[in-house]
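Colleague: Dropping the structure in here first, questions after.
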Amino acid sequence: MQSLYNLISTIGVILYLPRLLVKKGPEDRRAFIKERLGLSSYRKTDIWVHAVSVGETLASIPFLKKLRKEFPDRKIVFSTTTYTGQKIARDKFPEADRILYMPLDSVFCIKRVVNSLRPEIFITVETELWPALFRGLRDAGSRILVLNGRISQGSFKGYSRIKFLMADMLSSVDFFYMQDKGDAERIIALGADKHKVGIMGNFKFDIDLKEELPLNWLTGLSGKIVLAASTHEGEEELLLEAFNIINKELPGTKLIIAPRHPERFNETAGLIEKRGLSYIRRSSLNGKGMARASDADIILLDTLGEMSRVFSRTSVAFIGGSLVPRGGHNIMEPAYWSKPVIFGPHMENFPIAGEFLKKSAGIEVSGPKDMAETVIALLRDNKKAAEMGRNARAIVDKNTGAVKKAIELIRGYIGTA
């Protein structure tokens with residue numbers, strides 16, 4: 001089976017190569033291509049941590065900070081797959097000995113990287129399973145840990161179709177530390193040894209933003225602010241329709257829209273312009289004499305790494321990817337700041353949203369009219385909004401501790417590879 005996978009993955013790399021060469025986004029294209037193909041230069045490391053993109057990287061930051069603090073003499077390498085994740089990693093985790101792109105999962109791209117880095121421990125965040133990488137790490141004598149593991153129902157169905165191919169890959173993993181009982185049961189059903197599976201909770205609960213500096217462009221804003229975080233295609237139109245209603249009822253309310261993917265910044269700007277609404281790009285708010293955030297009704301957050309701090313100034317937070325079927329995004333950051341949270345019916349990636357509803361910490365909305373009515377009610381009822389915010393923060397406080405559990409697990413493997 002491994003030989004078949006090697007053949008298929010090699011063909012995949014060849015077919016993907018033209019797209020790799022013209023892919024938009026990476027600032028250092030030469031380094032991006034070399035690292036994705038495993039052609040860069042590498043040095044021996046102790047711990048290699050991998051997270052795919054922005055969401056997983058942000059969730060990993062508290063863990064990475066603690067890892068650096070607990071093991072100051074160990075070399076730590078952090079990798080991402082996307083360039084947006086790479087930028088967040090460089091901004092948020094400068095303590096890393098190196099931040100790099102994960103090579104493509106072909107034996108020809110992986111072998112040199114693994115043999116050069118040869119980590120004592122390889123950690124993958126949120127169940128990124130790669131056959132060629134895992135086989136190479138196992139042959140190199142590395143321990144492999146899955147932390148913050150998650151298997152959604154959709155992923156489980158997909159993996160179940162190739163269960164016969166997964167046995168060898170899953171057997172390479174030394175321990176699966178999953179987010180909750182359901183995730184643990186699903187990974188065991190796919191073939192993981194039940195004695196190598198535990199429940200740790202979710203990194204996304206272990207948020208600590210107290211030391212983050214405030215954003216200057218936000219400090220000049222007055223009045224109510226609605227933040228639409230991590231929005232997707234087909235969602236901004238609905239949000240703008242809702243905002244039209246909100247702004248008529250409560251003039252002076254500000255809307256901050258933060259598209260999930262940077263390549264959609266211009267598209268979102270076009271949607272706002274098409275409706276004739278006044279807006280400002282966050283990127284235009286730098287420097288003296290530039291535009292001010294108070295000059296428009298809508299602010300397009302076209303920068304990376306600031307949204308967590310924007311939540312701190314928000315009156316109501318909407319979680320994107322939930323009005324359209326994308327599974328929703330991180331509900332914990334606004335909850336950390338004790339903010340009332342609203343979201344659509346598609347929060348499959350964050351089943352804890354059900355607890356937010358149960359504990360009166362969040363409200364589910366079905367469309368623009370419903371959203372507008374909900375936001376208006378919350379903006380008018382400060383007492384209810386504050387109570388929802390307190391309930392949300394209580395959920396965060398109740399569920400912290402995943403980082404501590406992960407560090408203790410790693411402590412048991414350091415020096416044993």
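Naming works like this for the structure tokens: A, B, ... for the chains as they're shown, residue 1 at the start of each chain, ligands 1 onward in shown order.
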Fewer than 2 positions away in the same chain doesn't count, so skip those; otherwise give me all residues within 12 Å of stretch 16-21 of chain A, counting only C-alpha atoms, as a list in words.
Modeller: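 Contacts, in chain order: Ser9, Thr10, Ile11, Gly12, Val13, Ile14, Lys23, Lys24, Gly25, Pro26, Arg29, Arg30, Ala31, Phe32, Ile33, Lys34, Glu35, Arg36, Leu37, Thr82, Pro103, Leu104, Asp105 and Ser106 of chain A.
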Colleague: Write out as an MDAnalysis selection string all residues of stretch 99-265 of chain A that DSSP puts in strand (DSSP E or B) for this structure's backbone.
Modeller: chainID A and resid 99:101 121:125 143:149 175:178 197:199 225:231 254:259
Colleague: Find the residues near A:Leu117: any atom within 12 Å, counting only C-alpha atoms, skip ones fewer than 5 places away on the same chain, and give them as a ChimeraX atom specification.
Modeller: /A:38,40-49,75-78,97-98,100,110-112,122,136-137,140-142
Colleague: Just the helix (DSSP H, G or I) stuff from stretch 237-358 of chain A, please, per backbone DSSP, written as a PyMOL selection string.
Modeller: chain A and resi 237-249+262-274+282-285+293-295+307-311+332-336+353-358
Colleague: Got a sec: who's within 7 Å of stretch 321-332 of chain A, counting only C-alpha atoms, leaving out chain neighbours fewer than 4 positions off, as a ChimeraX atom specification?
Modeller: /A:204-205,230-232,234-235,336,343-350,396
Colleague: Excluding A:Thr84 and its own-chain neighbours fewer than 4 positions away, which residues fall within 10 Å of it when counting only C-alpha atoms? Please give them as a ChimeraX atom specification.
Modeller: /A:25-26,52-55,57,80,88-89,261-262,304-305
Colleague: From the list A:Ile246, A:Ala361, A:Leu190, A:Leu285, which residue is nearest A:Asp297 when using only C-alpha atoms?
Modeller: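 When distances to A:Asp297 are compared using only C-alpha atoms, the smallest one comes from A:Ile246.
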Colleague: Quick one: everything within 8 Å of A:Val197, counting only C-alpha atoms, minus sequence neighbours fewer than 6 positions away in the same chain. Send it as a VMD selection string.
Modeller: chain A and resid 175 to 178 184 188
Colleague: List the spatial neighbours of stretch 157-161 of chain A as a ChimeraX atom specification - criterion: any atom at most 10 Å away, only C-alpha atoms, same-chain residues fewer than 6 positions off excluded.
Modeller: /A:151,186-187,189-191
Colleague: Write out the residues from the selection above, keeping C-alpha atoms, as a PDB file, in the first residue's frame.
Modeller:
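Result file is part_7.pdb:
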ATOM      1  CA  ILE A 151     -12.375  14.172  13.321  1.00  0.00           C
ATOM      2  CA  ARG A 186     -14.113   8.233  15.728  1.00  0.00           C
ATOM      3  CA  ILE A 187     -10.316   7.896  15.568  1.00  0.00           C
ATOM      4  CA  ALA A 189     -13.249   3.411  14.897  1.00  0.00           C
ATOM      5  CA  LEU A 190     -10.851   4.245  12.055  1.00  0.00           C
ATOM      6  CA  GLY A 191      -8.243   1.897  13.511  1.00  0.00           C
TER       7      GLY A 191
END
Colleague: Find, counting only C-alpha atoms, the residue in A:Arg390, A:Ile376, A:Val365, A:Met200 that gets nearest to A:Glu249.
Modeller: A:Ile376
Colleague: When you draw a straight line from atom CA of A:Asn244 to atom CA of A:Lys274, how long is it in Å?
Modeller: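 So the two atoms, atom CA of A:Asn244 and atom CA of A:Lys274, lie 13.2 Å apart.
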Colleague: Kindly give the distance, in Å, that separates atom CA of A:Glu233 and atom CA of A:Gln153, rounded to a single decimal.
Modeller: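 Taking atom CA of A:Glu233 and atom CA of A:Gln153, their separation equals 23.1 Å.
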Colleague: Work out how far atom CA of A:Ile256 is from atom CA of A:Ala242, in Å to one decimal.
Modeller: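 Distance reported for this atom pair: 13.0 Å.
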